[in-house]
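Scroll down for the structure; my scribbles are underneath it.
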Amino acid sequence: MGVQNRIKKFATVQTAKAALKILPRISEENILQFPLVRKGLESPRISKYPEGKEFFKSLVLQSRRSVGRCSKPCLDKLARNLIVNEFIAAAPQREEFQARFGFEPPFFIVLSPTMRCNLACYGCYAGQYERGRELEADLIHRVLREAQEMGIYFVTVSGGEPFIRPDLLDIFAAHGDQYFQVYTNGTLIDRKTAQTLSRLGNVLPAISVEGWEKETDSRRGLGTFRKIVETMALLREEGVLFGFSVTATRQNSEVIVSDEFVDFWARQGCFIGWFFNYVPIGKSPDMDLMPTPEQRIRRRRRLMELRPRVPLILADFWNDGPLVGGCIAGDRYLHINNRGDVEPCVFIHFSVDNIREKSLSEVLNSEFFHAFRRRQPYSTNFFRPCIIIDHPHLLRQVVEQTGAGPTHSGAETLLTDCSGGLDRYAAAYGELADELWKAQDISSPVASPRRNEVEIMAKTPNIQNA
């Protein structure tokens with residue numbers, strides 16, 4: 001980076017930090033009138049979709065609410081790493097990569113340094129990976145450096161349980177310019193760890209829950225729910241930003257989008273809440289655990305209703321497809337598992353290349369990843385973004401044409417044993433989603449999809465065996 005760019009970046013960092021510091025003293029109404037915020041609200045990607053404006057507003061307002069309880073390093077790294085580095089300073093690096101390879105680099109990557117875990121949850125998406133292998137620290141450092149060189153400053157860490165590795169905090173410390181979101185069960189974060197995270201400032205834990213105490217403990221073990229609440233209290237006291245992560249199943253689908261559930265985690269101090277859709281992969285894949293098409297649509301509607309009123313960012317990895325232009329697998333993100341196999345998505349357990357044998361840019365430039373990019377978006381209806389559960393025939397096609405192999409024993413059942421069920425699910429959900437898409441006035445930000453969703457679901461039978 002040249003001298004002028006370094007000076008510009010320094011000035012931008014200072015401006016972002018100063019803006020974050022004064023946010024608590026500015027009313028929410030006035031913040032929404034800031035030129036940069038108004039520009040975001042009026043951007044085509046945001047204003048085009050009913051969920052867009054409320055999501056963007058919650059992002060801005062929740063940042064304001066959280067600033068006052070952040071430790072100084074957490075505030076500094078939020079400004080420097082996540083806002084400036086990822087969204088502003090990385091532009092020249094990303095443009096250089098695109099000019100060289102003909103496509104944009106991902107916006108983030110997911111690393112699973114280990115698949116070891118101190119819990120044994122049924123239905124775990126990562127439950128069948130080989131646990132004896134781990135990414136060596138030197139390899140992780142290399143990948144993070146390569147990612148940063150192409151303009152990737154946001155990194156998600158998954159597993160397994162990441163905090164089971166004693167060197168994890170050292171890795172975060174060594175890459176102080178990057179921002180890490182860590183999916184964790186939360187049970188291994190003690191006071192000392194929380195204090196270290198507060199001092200580092202560049203780590204946001206997202207703690208997995210399954211619902212209330214009953215649902216969480218039944219899947220994760222007795223006492224897990226209470227431990228999660230205790231862990232969140234530690235993180236809150238130390239000024240660390242954190243959130244929750246929940247996987248929607250057919251059993252908990254209504255619970256996790258209730259007012260009481262979301263309000264509870266907001267009171268614990270969560271900055272963000274992530275919602276995922278159960279996919280029949282990993283440990284004992286079960287089609288009957290998948291939320292029905294109707295439940296998936298209701299989850300989207302409920303999050304739209306909740307966003308304007310809860311002090312929490314609510315994000316849905318599937319239902320927010322319109323905000324990212326459809327599926328992001330293999331295009332705007334990828335997953336490197338504990339063996340080094342590079343997968344296009346944490347839920348697509350197939351690979352061609354291993355990061356030990358190729359650089360990150362070489363893997364991205366492979367035919368396997370090009371096959372995903374060529375097909376995206378898979379539909380002009382962004383309510384149907386996913387190649388796994390919305391367009392499973394395309395996933396089978398890509399795997400067959402590129403010779404991709406399963407990254408663990410049993411991964412192939414997604415394309416074999418589960419193929420008929422996924423095809424039926426995709427067809428049933430597709431009918432609902434297509435009617436919903438057509439019913440909306442996409443050009444108008446004031447469209448009200450709720451009435452249309454109710455009408456559509458009312459005339460479609462509940463699909464219990466999709």
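Starting from 1 in every chain, residues are counted up; chains themselves are A, B, ... following the order of the structure tokens, and ligands are numbered from 1 as listed.
Look at A:Arg165: the protein and nucleic acid residues within 9 Å of it, using only C-alpha atoms and passing over chain neighbours fewer than 6 places away, are Pro113, Thr114 and Arg116 of chain A.
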Can you pull out the residues contacting stretch 382-395 of chain A? Cut-off 7 Å, using only C-alpha atoms, and skip same-chain residues under 2 positions away; I want them as a ChimeraX atom specification. /A:319,321-322,325-327,378-380,397-399,422-423,426,430,433
Counting only C-alpha atoms, which residues in stretch 251-358 of chain A sit no more than 12 Å from stretch 140-150 of chain A? For each one, give the nearest pair of atoms and the distance in Å, sorted by chain then residue number, as a tab-separated table.
```
residue	atom	partner	partner_atom	distance
A:Tyr333	CA	A:Ala147	CA	11.1
A:Leu334	CA	A:Ala147	CA	11.4
A:His335	CA	A:Val143	CA	11.7
A:Ile336	CA	A:Val143	CA	9.6
A:Asn337	CA	A:Ile140	CA	11.1
A:Asn338	CA	A:Ile140	CA	10.3
A:Arg339	CA	A:Ile140	CA	11.6
A:Gly340	CA	A:Ile140	CA	9.7
A:Val342	CA	A:Val143	CA	11.5
A:Asn354	CA	A:Val143	CA	11.8
A:Ile355	CA	A:Val143	CA	8.1
A:Arg356	CA	A:Val143	CA	9.6
A:Glu357	CA	A:Val143	CA	11.9
A:Lys358	CA	A:Val143	CA	10.4
```
Let me make sure I understand: among A:Ile348, A:Val37, A:Leu169, A:Ala439, which one has the smallest atom-to-atom distance to A:Val157 if we use only C-alpha atoms?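 Nearest candidate to A:Val157 out of A:Ile348, A:Val37, A:Leu169, A:Ala439: A:Leu169.
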I'd like the contact shell of A:Arg80 - 12 Å cut-off, only C-alpha atoms, skipping same-chain residues fewer than 3 positions apart - returned as a VMD selection string. chain A and resid 9 to 20 73 to 77 83 to 90 153 to 154 176 to 179 201 to 202
Could you tell me how far atom CA of A:Ala315 lies from atom CA of A:Asn365, in Å and to one decimal? 29.5 Å
